[in-house]
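Source file: coords.tsv (TSV, C-alpha atoms)
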chain	number	residue	atom	x	y	z
D	1	MET	CA	71.85	141.18	73.74
D	2	ASN	CA	73.40	140.42	70.35
D	3	LYS	CA	73.42	137.05	68.59
D	4	LYS	CA	77.11	136.41	69.24
D	5	THR	CA	76.64	136.89	73.01
D	6	ILE	CA	73.65	134.52	73.07
D	7	ILE	CA	75.65	131.81	71.23
D	8	THR	CA	78.56	132.24	73.67
D	9	ILE	CA	76.25	131.83	76.68
D	10	LEU	CA	74.58	128.77	75.16
D	11	LEU	CA	77.96	127.16	74.46
D	12	ALA	CA	79.04	127.86	78.02
D	13	LEU	CA	75.88	126.30	79.41
D	14	VAL	CA	76.35	123.20	77.25
D	15	THR	CA	79.95	122.89	78.43
D	16	MET	CA	78.94	123.28	82.08
D	17	ALA	CA	76.21	120.69	81.69
D	18	GLY	CA	78.74	118.30	80.14
D	19	LEU	CA	81.19	118.86	83.01
D	20	ALA	CA	78.45	118.29	85.58
D	21	GLN	CA	77.45	115.07	83.87
D	22	THR	CA	81.00	113.70	83.93
D	23	LYS	CA	81.00	114.00	87.74
D	24	ASN	CA	78.00	111.72	88.21
D	25	TYR	CA	78.41	108.08	89.16
D	26	THR	CA	76.06	105.18	89.68
D	27	ILE	CA	76.72	101.86	91.38
D	28	GLN	CA	74.30	99.10	90.43
D	29	GLY	CA	74.62	96.16	92.82
D	30	ASN	CA	73.22	92.68	92.44
D	31	LEU	CA	73.65	89.75	94.82
D	32	SER	CA	70.11	88.46	94.51
D	33	GLU	CA	71.10	84.85	93.84
D	34	VAL	CA	73.32	84.70	96.92
D	35	ALA	CA	70.65	86.46	99.00
D	36	LYS	CA	68.03	83.95	97.91
D	37	ALA	CA	70.28	80.95	98.57
D	38	THR	CA	71.39	82.11	102.04
D	39	ALA	CA	67.94	83.28	103.16
D	40	LYS	CA	67.13	79.64	103.91
D	41	GLN	CA	69.95	79.75	106.47
D	42	GLY	CA	68.54	82.87	108.09
D	43	VAL	CA	70.99	85.26	106.47
D	44	SER	CA	69.77	88.63	105.28
D	45	PHE	CA	71.68	91.25	103.30
D	46	ASP	CA	70.80	94.55	104.93
D	47	SER	CA	72.78	97.49	103.62
D	48	VAL	CA	75.83	98.72	101.78
D	49	THR	CA	78.23	101.51	102.70
D	50	ILE	CA	81.01	103.28	100.82
D	51	VAL	CA	84.03	104.07	103.00
D	52	ASN	CA	86.68	106.51	101.78
D	53	THR	CA	89.99	104.76	102.56
D	54	ALA	CA	91.84	108.08	102.88
D	55	THR	CA	89.62	109.34	105.69
D	56	ASN	CA	87.84	106.17	106.94
D	57	GLU	CA	84.62	108.13	106.58
D	58	VAL	CA	81.38	106.58	105.37
D	59	THR	CA	80.40	108.64	102.33
D	60	THR	CA	77.23	106.73	101.40
D	61	ARG	CA	74.70	104.34	102.94
D	62	CYS	CA	72.10	102.39	101.01
D	63	THR	CA	69.55	99.71	101.84
D	64	ILE	CA	69.71	96.38	100.03
D	65	GLN	CA	66.29	95.18	98.89
D	66	ASP	CA	65.87	91.64	97.54
D	67	GLY	CA	69.62	91.49	96.98
D	68	VAL	CA	69.71	94.61	94.81
D	69	PHE	CA	70.85	98.17	95.48
D	70	THR	CA	71.53	101.38	93.57
D	71	ILE	CA	73.82	104.18	94.68
D	72	LYS	CA	73.98	107.51	92.88
D	73	GLY	CA	76.25	110.42	93.60
D	74	THR	CA	78.43	113.23	92.36
D	75	ILE	CA	82.16	113.64	92.94
D	76	ASP	CA	84.84	116.20	92.14
D	77	LYS	CA	87.68	113.70	91.74
D	78	PRO	CA	87.95	109.88	91.74
D	79	PHE	CA	88.87	108.36	95.09
D	80	CYS	CA	89.66	104.94	96.51
D	81	ALA	CA	87.08	103.33	98.76
D	82	MET	CA	85.78	100.11	100.20
D	83	LEU	CA	82.39	98.78	99.18
D	84	CYS	CA	81.07	97.24	102.40
D	85	ILE	CA	78.20	94.75	102.27
D	86	TRP	CA	76.44	94.32	105.62
D	87	SER	CA	74.59	91.11	106.34
D	88	SER	CA	73.13	89.60	109.49
D	89	ALA	CA	72.23	86.17	110.80
D	90	GLU	CA	70.89	84.68	114.00
D	91	VAL	CA	73.58	83.06	116.15
D	92	ASN	CA	72.56	81.41	119.43
D	93	GLY	CA	69.44	83.53	119.59
D	94	ASP	CA	71.20	86.81	118.86
D	95	ARG	CA	71.28	88.69	115.56
D	96	LYS	CA	74.92	89.15	114.54
D	97	SER	CA	76.13	91.53	111.85
D	98	LYS	CA	78.89	90.76	109.36
D	99	ARG	CA	80.73	93.04	106.96
D	100	SER	CA	82.29	91.96	103.65
D	101	ARG	CA	84.59	94.43	101.88
D	102	LEU	CA	85.83	94.89	98.35
D	103	PRO	CA	88.09	97.66	96.98
D	104	ILE	CA	86.37	100.08	94.63
D	105	ILE	CA	87.29	103.33	92.93
D	106	ILE	CA	84.50	105.89	92.99
D	107	GLU	CA	84.71	107.59	89.61
D	108	PRO	CA	82.27	109.02	87.04
D	109	GLY	CA	80.29	106.47	85.09
D	110	ASP	CA	78.18	103.36	85.59
D	111	ILE	CA	79.83	100.98	88.05
D	112	MET	CA	78.53	97.43	88.35
D	113	PHE	CA	78.80	95.20	91.42
D	114	ASP	CA	78.08	91.51	90.81
D	115	GLY	CA	78.06	89.57	94.06
D	116	ASN	CA	76.61	86.35	92.66
D	117	HIS	CA	80.00	84.65	92.26
D	118	GLN	CA	82.58	83.13	94.57
D	119	MET	CA	84.70	86.19	93.87
D	120	PRO	CA	82.47	89.30	93.63
D	121	VAL	CA	83.26	91.60	90.72
D	122	ILE	CA	83.23	95.40	90.43
D	123	SER	CA	83.46	96.65	86.87
D	124	GLY	CA	82.02	99.05	84.31
D	125	THR	CA	84.48	101.95	84.52
D	126	VAL	CA	88.09	102.11	83.39
D	127	ARG	CA	89.78	101.99	86.81
D	128	ASN	CA	87.40	99.41	88.29
D	129	ASN	CA	87.88	97.20	85.23
D	130	VAL	CA	91.62	97.27	85.99
D	131	LEU	CA	91.03	96.22	89.61
D	132	SER	CA	88.57	93.52	88.58
D	133	GLU	CA	90.93	92.04	86.00
D	134	THR	CA	93.80	92.15	88.50
D	135	LEU	CA	91.86	90.41	91.27
D	136	SER	CA	90.82	87.68	88.84
D	137	LYS	CA	94.51	86.78	88.39
D	138	ARG	CA	95.51	86.65	92.03
D	139	ASN	CA	95.93	82.86	92.07
D	140	THR	CA	98.12	82.82	88.97
D	141	PRO	CA	101.94	82.39	89.09
D	142	ASP	CA	102.62	85.82	87.56
D	143	TYR	CA	100.21	87.74	89.82
D	144	THR	CA	102.97	89.78	91.50
D	145	GLU	CA	104.51	90.72	88.16
D	146	THR	CA	101.07	91.73	86.88
D	147	LEU	CA	100.61	94.00	89.89
D	148	LYS	CA	104.04	95.57	89.41
D	149	GLY	CA	103.37	96.32	85.76
D	150	LEU	CA	99.97	97.84	86.47
D	151	ALA	CA	101.30	99.91	89.39
D	152	ILE	CA	103.88	101.44	87.04
D	153	GLN	CA	101.29	101.93	84.31
D	154	HIS	CA	98.95	103.74	86.73
D	155	LYS	CA	101.59	105.57	88.79
D	156	ASP	CA	99.94	108.93	87.97
D	157	ASP	CA	96.47	107.68	88.88
D	158	VAL	CA	94.60	106.81	92.09
D	159	ALA	CA	94.27	103.26	90.73
D	160	ALA	CA	97.88	102.81	91.90
D	161	ILE	CA	96.70	102.91	95.53
D	162	PRO	CA	94.78	99.58	95.63
D	163	LEU	CA	97.39	98.02	93.33
D	164	LEU	CA	100.19	98.89	95.76
D	165	LEU	CA	98.11	97.63	98.67
D	166	MET	CA	97.57	94.34	96.83
D	167	LEU	CA	101.33	94.08	96.28
D	168	ASP	CA	101.90	94.62	99.99
D	169	ASP	CA	99.32	91.93	100.82
D	170	ASN	CA	101.14	89.63	98.40
D	171	MET	CA	104.37	90.06	100.39
D	172	ALA	CA	106.26	92.01	97.71
D	173	GLU	CA	109.88	92.81	98.51
D	174	PRO	CA	110.24	96.12	100.42
D	175	GLU	CA	112.68	97.41	97.79
D	176	VAL	CA	110.04	96.87	95.11
D	177	LEU	CA	107.31	98.60	97.10
D	178	LEU	CA	109.48	101.61	97.92
D	179	SER	CA	110.55	101.97	94.28
D	180	LEU	CA	106.96	101.85	93.02
D	181	ILE	CA	105.70	104.24	95.69
D	182	ASN	CA	108.46	106.74	94.99
D	183	GLN	CA	107.60	106.65	91.28
D	184	SER	CA	103.95	107.43	91.95
D	185	TYR	CA	102.50	110.90	92.00
D	186	ALA	CA	101.91	112.91	95.18
D	187	LYS	CA	98.28	111.93	95.77
D	188	VAL	CA	99.25	108.25	95.80
D	189	GLN	CA	102.30	108.80	98.03
D	190	ASN	CA	100.30	110.89	100.51
D	191	HIS	CA	97.41	108.45	100.88
D	192	PRO	CA	97.35	107.30	104.55
D	193	ASN	CA	97.38	103.60	103.65
D	194	ILE	CA	100.33	104.04	101.28
D	195	ILE	CA	102.22	106.00	103.95
D	196	LYS	CA	101.79	102.99	106.27
D	197	VAL	CA	103.02	100.61	103.57
D	198	LYS	CA	106.05	102.83	102.96
D	199	GLU	CA	106.91	103.05	106.65
D	200	LYS	CA	106.59	99.28	107.02
D	201	ALA	CA	108.77	98.65	103.96
D	202	GLU	CA	111.42	101.07	105.25
D	203	ALA	CA	111.39	99.39	108.66
D	204	GLU	CA	111.66	95.94	107.10
D	205	LEU	CA	114.50	97.10	104.86
D	206	SER	CA	116.37	98.51	107.86
D	207	GLN	CA	116.00	95.13	109.58
D	208	LYS	CA	117.01	92.81	106.77
D	209	GLU	CA	119.42	89.88	107.05
D	210	GLY	CA	122.78	90.94	108.47
D	211	GLU	CA	121.39	93.99	110.30
D	212	MET	CA	121.59	94.40	114.07
D	213	PHE	CA	118.33	94.01	116.01
D	214	LYS	CA	116.38	97.01	117.28
D	215	ASP	CA	115.52	96.97	120.94
D	216	PHE	CA	112.13	97.80	122.43
D	217	ALA	CA	110.46	97.73	125.84
D	218	VAL	CA	106.99	96.53	126.80
D	219	GLU	CA	105.08	97.31	129.99
D	220	TYR	CA	102.76	94.67	131.38
D	221	ASN	CA	101.52	93.89	134.88
D	222	GLY	CA	103.84	96.50	136.39
D	223	LYS	CA	106.92	94.91	134.80
D	224	THR	CA	109.10	96.16	131.95
D	225	THR	CA	110.44	93.54	129.54
D	226	ARG	CA	112.99	94.44	126.87
D	227	PHE	CA	113.71	92.61	123.64
D	228	SER	CA	117.39	92.84	124.61
D	229	ASP	CA	116.67	90.73	127.70
D	230	TYR	CA	116.80	87.82	125.23
D	231	VAL	CA	118.36	88.97	121.94
D	232	GLY	CA	122.09	89.69	121.62
D	233	ARG	CA	123.00	87.86	124.81
D	234	GLY	CA	125.06	84.99	123.39
D	235	GLN	CA	122.32	82.62	122.24
D	236	TYR	CA	120.49	82.07	118.99
D	237	VAL	CA	116.98	83.46	119.31
D	238	LEU	CA	114.01	82.49	117.19
D	239	ALA	CA	111.50	85.31	117.67
D	240	ASP	CA	107.94	84.32	116.89
D	241	PHE	CA	105.60	87.28	116.40
D	242	TRP	CA	102.12	85.87	116.91
D	243	ALA	CA	98.61	86.48	118.27
D	244	SER	CA	96.01	84.29	119.94
D	245	TRP	CA	93.44	85.16	117.23
D	246	CYS	CA	95.79	84.09	114.40
D	247	GLY	CA	94.97	80.55	113.23
D	248	PRO	CA	98.24	79.96	111.27
D	249	CYS	CA	100.18	81.21	114.33
D	250	ARG	CA	98.58	78.62	116.56
D	251	GLN	CA	99.09	75.88	113.95
D	252	GLN	CA	102.86	76.35	113.86
D	253	ILE	CA	103.38	76.59	117.64
D	254	PRO	CA	103.63	72.79	118.21
D	255	ASP	CA	106.56	72.75	115.75
D	256	LEU	CA	108.20	75.66	117.59
D	257	ILE	CA	107.77	73.84	120.91
D	258	SER	CA	109.38	70.75	119.41
D	259	LEU	CA	112.34	72.78	118.07
D	260	TYR	CA	112.71	74.54	121.41
D	261	GLN	CA	112.86	71.22	123.27
D	262	GLN	CA	115.34	69.85	120.72
D	263	TYR	CA	117.79	72.75	120.74
D	264	LYS	CA	117.39	74.67	124.01
D	265	GLU	CA	120.36	72.87	125.58
D	266	LYS	CA	122.46	73.64	122.52
D	267	GLY	CA	121.94	77.40	122.62
D	268	LEU	CA	118.55	78.19	121.09
D	269	THR	CA	115.92	80.37	122.73
D	270	VAL	CA	112.45	80.55	121.22
D	271	LEU	CA	110.77	83.82	122.17
D	272	GLY	CA	107.10	84.61	121.59
D	273	ILE	CA	106.09	88.23	121.05
D	274	ALA	CA	102.35	88.81	121.34
D	275	PHE	CA	101.38	91.18	118.54
D	276	ARG	CA	98.16	93.25	118.47
D	277	ASP	CA	96.55	90.94	121.01
D	278	LYS	CA	94.64	91.34	124.25
D	279	PRO	CA	97.00	90.27	127.07
D	280	GLU	CA	94.39	88.12	128.80
D	281	GLU	CA	93.71	86.28	125.52
D	282	THR	CA	97.45	85.83	124.94
D	283	GLU	CA	97.83	84.29	128.39
D	284	GLN	CA	94.87	81.97	127.83
D	285	ALA	CA	96.36	80.80	124.52
D	286	ILE	CA	99.72	80.16	126.21
D	287	ARG	CA	97.95	77.91	128.72
D	288	ASP	CA	95.80	76.19	126.09
D	289	LEU	CA	98.76	75.47	123.81
D	290	GLY	CA	101.16	74.56	126.62
D	291	ILE	CA	103.86	76.97	125.42
D	292	PRO	CA	107.01	76.47	127.56
D	293	TYR	CA	109.27	79.17	126.11
D	294	PRO	CA	109.34	82.82	127.27
D	295	GLN	CA	106.91	85.45	126.03
D	296	ILE	CA	106.77	89.21	125.67
D	297	ILE	CA	103.11	90.02	126.26
D	298	ASN	CA	101.35	93.24	125.21
D	299	ALA	CA	103.80	94.31	122.46
D	300	GLN	CA	100.78	95.58	120.48
D	301	ASN	CA	101.93	97.58	117.41
D	302	ILE	CA	105.62	97.99	118.30
D	303	PRO	CA	106.84	95.15	115.99
D	304	ALA	CA	105.05	96.71	113.02
D	305	THR	CA	106.83	100.01	113.61
D	306	LEU	CA	110.34	98.66	114.25
D	307	TYR	CA	110.44	95.52	112.13
D	308	GLY	CA	107.95	96.24	109.37
D	309	ILE	CA	105.72	93.34	110.45
D	310	ASP	CA	102.09	93.36	109.44
D	311	ALA	CA	101.02	89.85	108.49
D	312	LEU	CA	101.20	87.03	111.03
D	313	PRO	CA	102.85	84.73	111.83
D	314	HIS	CA	106.28	86.24	111.33
D	315	THR	CA	109.54	84.72	112.57
D	316	ILE	CA	113.01	86.22	112.77
D	317	LEU	CA	116.10	84.18	113.60
D	318	PHE	CA	118.83	86.14	115.40
D	319	ALA	CA	122.51	85.24	115.82
D	320	PRO	CA	124.10	85.27	119.30
D	321	ASP	CA	125.39	88.82	118.72
D	322	GLY	CA	121.91	90.06	117.78
D	323	THR	CA	122.27	90.25	114.00
D	324	ILE	CA	119.45	88.93	111.83
D	325	ILE	CA	120.14	85.56	110.19
D	326	ALA	CA	116.78	85.07	108.46
D	327	ARG	CA	113.25	86.46	108.31
D	328	ASN	CA	109.98	84.72	107.54
D	329	ILE	CA	111.53	81.29	107.94
D	330	TYR	CA	109.16	78.38	108.64
D	331	GLY	CA	108.64	74.63	108.37
D	332	GLU	CA	111.30	72.55	106.68
D	333	GLU	CA	113.40	75.60	105.81
D	334	LEU	CA	113.61	76.51	109.50
D	335	LYS	CA	114.41	72.93	110.53
D	336	GLU	CA	117.21	72.71	107.97
D	337	LYS	CA	118.65	76.05	109.07
D	338	LEU	CA	118.76	74.95	112.73
D	339	LYS	CA	120.34	71.61	111.76
D	340	GLU	CA	123.00	73.56	109.91
D	341	ILE	CA	123.61	75.95	112.83
D	342	PHE	CA	123.81	73.26	115.48
D	343	ASN	CA	125.53	70.68	113.24
D	344	ASP	CA	122.65	68.31	113.83
D	345	ASN	CA	122.64	65.71	111.07
D	346	LYS	CA	120.42	63.18	112.81
Can I see the file as structure tokens?
Amino acid sequence: MNKKTIITILLALVTMAGLAQTKNYTIQGNLSEVAKATAKQGVSFDSVTIVNTATNEVTTRCTIQDGVFTIKGTIDKPFCAMLCIWSSAEVNGDRKSKRSRLPIIIEPGDIMFDGNHQMPVISGTVRNNVLSETLSKRNTPDYTETLKGLAIQHKDDVAAIPLLLMLDDNMAEPEVLLSLINQSYAKVQNHPNIIKVKEKAEAELSQKEGEMFKDFAVEYNGKTTRFSDYVGRGQYVLADFWASWCGPCRQQIPDLISLYQQYKEKGLTVLGIAFRDKPEETEQAIRDLGIPYPQIINAQNIPATLYGIDALPHTILFAPDGTIIARNIYGEELKEKLKEIFNDNK
């Protein structure tokens, strides 16, 4: 073997070693201060898992010891995940588990998780630094604009995935979401969570103000109830998409009852649509809250598909012919709109 061949092999080995090294990642986690403070209350931090958001598969499990953990691994390409911290506490004699989640991008390098703050921080690598900085601004007035700018900046990168999901959580306009998604590269567009956001945005856009309602049917207790049994039948309809487990939904129901009593003789129907809820729990909530207006029970995920509804509560006000007058209308804005419709200036 000549000298030139030996040098070529050595260079190749060095290059391969360098490539292998760039695929390694480490996550150093520390929540020791929180663990120590909550131990007095019987809380223990047990383990951490990494869940790939594209597949919902757990890729890594690790035990937390004294509030500290270390995860090491090797990857081919960066991917979006959830860092899940599992804790447990004794409740009424039983040990109950709890999971806290934080978005993370698994990428080569040294990633740091600091859980000793009110808002845990993941940092240390380029993409995770972007997410960390973004999350730190979520209570600022320009948060949405910050997300938009970063989503455009990272449109050719997996970092766009959590940024777009944050925009969706922040109730960004469907036109904005669709534009940003369509600008992103294929891996972002084909991520299962982004596909859901896109479908929801398209559904919401197709059911914007001025559009005709979309009908649907729900089976429950051997009976079929259609949305069109109420909407498009000559009365104004305020559709309240809600669930028994949704605190804000329950908080606004007394106001809806009051509006129903005030305007039902003038041509307003309030209609509850139970969304992603167990029928027996919906019925119990109806009794507990004394809801007098009609309900469609067991709608499950249909409203999300047809109307682009994800977050609750969600209200839609329909005209007598079934066209949409307003979406996401609550409180004083809703009261003023009904006063205007029914010429009620009291």
Among the residues D:Lys77, D:His314, D:Arg99, D:Lys214, the one that comes closest to Ile253 (chain D) [using all atoms listed in the file]: D:His314
Distance in Å - CA of Met212 (chain D) versus CA of Gln235 (chain D):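 Distance between the two atoms: 14.4 Å.
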9 Å contact set for region 124-133 of chain D, all atoms listed in the file, chain neighbours under 3 positions out, as a PDB file with C-alpha atoms, in the frame of the given file:
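Result file is around_8.pdb:
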ATOM      1  CA  PRO D 103      88.090  97.660  96.980  1.00  0.00           C
ATOM      2  CA  ILE D 104      86.370 100.080  94.630  1.00  0.00           C
ATOM      3  CA  ILE D 105      87.290 103.330  92.930  1.00  0.00           C
ATOM      4  CA  ILE D 106      84.500 105.890  92.990  1.00  0.00           C
ATOM      5  CA  GLU D 107      84.710 107.590  89.610  1.00  0.00           C
ATOM      6  CA  PRO D 108      82.270 109.020  87.040  1.00  0.00           C
ATOM      7  CA  GLY D 109      80.290 106.470  85.090  1.00  0.00           C
ATOM      8  CA  ASP D 110      78.180 103.360  85.590  1.00  0.00           C
ATOM      9  CA  ILE D 111      79.830 100.980  88.050  1.00  0.00           C
ATOM     10  CA  MET D 112      78.530  97.430  88.350  1.00  0.00           C
ATOM     11  CA  PHE D 113      78.800  95.200  91.420  1.00  0.00           C
ATOM     12  CA  PRO D 120      82.470  89.300  93.630  1.00  0.00           C
ATOM     13  CA  VAL D 121      83.260  91.600  90.720  1.00  0.00           C
ATOM     14  CA  SER D 136      90.820  87.680  88.840  1.00  0.00           C
ATOM     15  CA  LYS D 137      94.510  86.780  88.390  1.00  0.00           C
ATOM     16  CA  LEU D 150      99.970  97.840  86.470  1.00  0.00           C
ATOM     17  CA  VAL D 158      94.600 106.810  92.090  1.00  0.00           C
ATOM     18  CA  ALA D 159      94.270 103.260  90.730  1.00  0.00           C
ATOM     19  CA  PRO D 162      94.780  99.580  95.630  1.00  0.00           C
ATOM     20  CA  LEU D 163      97.390  98.020  93.330  1.00  0.00           C
TER      21      LEU D 163
END
Sphere at (98.4, 103.0, 102.3), radius 10 Å, counting only C-alpha atoms: residues as a list in words: Thr53, Ala54, Ile161, Pro162, Leu164, Leu165, Asp168, Ile181, Val188, Gln189, Asn190, His191, Pro192, Asn193, Ile194, Ile195, Lys196, Val197, Lys198 and Glu199 of chain D
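For Ala217 (chain D), the list of residues within 10 Å, based on only C-alpha atoms and with local chain neighbours fewer than 5 positions off taken out, reads D:Thr224, D:Thr225, D:Arg226, D:Phe227, D:Ser228, D:Asp229, D:Ile296, D:Ala299, D:Ile302.
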Nearest to Glu283 (chain D), chosen from D:Val270, D:Ala243, D:Cys249, D:Met171, with all atoms listed in the file counted in the distances: D:Ala243
Residues within 9 Å of Ile286 (chain D), only C-alpha atoms, excluding chain neighbours under 6 positions, as a list in words: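 Residues near the query, excluding close chain neighbours: Ser244, Pro292 and Gln295 of chain D.
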Per residue of region 247-280 of chain D within 10 Å of region 335-338 of chain D, note the shortest atom pair and the distance in Å to one decimal, counting only C-alpha atoms, and order the rows by chain and increasing residue number, as CSV.
residue,atom,partner,partner_atom,distance
D:Asp255,CA,D:Lys335,CA,9.4
D:Leu256,CA,D:Lys335,CA,9.8
D:Leu259,CA,D:Lys335,CA,7.8
D:Tyr263,CA,D:Leu338,CA,8.4
D:Leu268,CA,D:Leu338,CA,9.0
Separation of CA of Phe342 (chain D) from CA of Gly290 (chain D), in Å and rounded to one decimal: 25.3 Å
Coordinates-based distance that separates CA of Ala81 (chain D) from CA of Glu57 (chain D) (Å, one decimal):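 Spanning CA of Glu57 (chain D) to CA of Ala81 (chain D) is a straight-line distance of 9.5 Å.
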Pick from D:Ser97, D:Phe79, D:Asn298, D:Ala239 nearest to Asn328 (chain D), counting only C-alpha atoms: D:Ala239
For Ala35 (chain D), the nearest of the candidates D:Asn116, D:Thr59, D:Thr70, D:Gln284, counting only C-alpha atoms: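 Looking at the shortest contact to Ala35 (chain D), the residue is D:Asn116.
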Top pick for closest residue to Arg101 (chain D), considering D:Ile50, D:Ile71, D:Leu167, D:Ile27 and counting only C-alpha atoms: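 Closest to Arg101 (chain D) of all the choices is D:Ile50.
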Taking every listed atom of region 172-176 of chain D and adding 5 Å to each side, what centre and edge lengths in Å (one decimal) does the axis-aligned box have, as lines of an AutoDock Vina configuration file?
center_x = 109.5
center_y = 94.7
center_z = 97.8
size_x = 16.4
size_y = 15.4
size_z = 15.3
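Minimum distance to Asp66 (chain D) across D:Leu31, D:Cys246, D:Ala37, D:Ile273 (counting only C-alpha atoms) occurs at D:Leu31.
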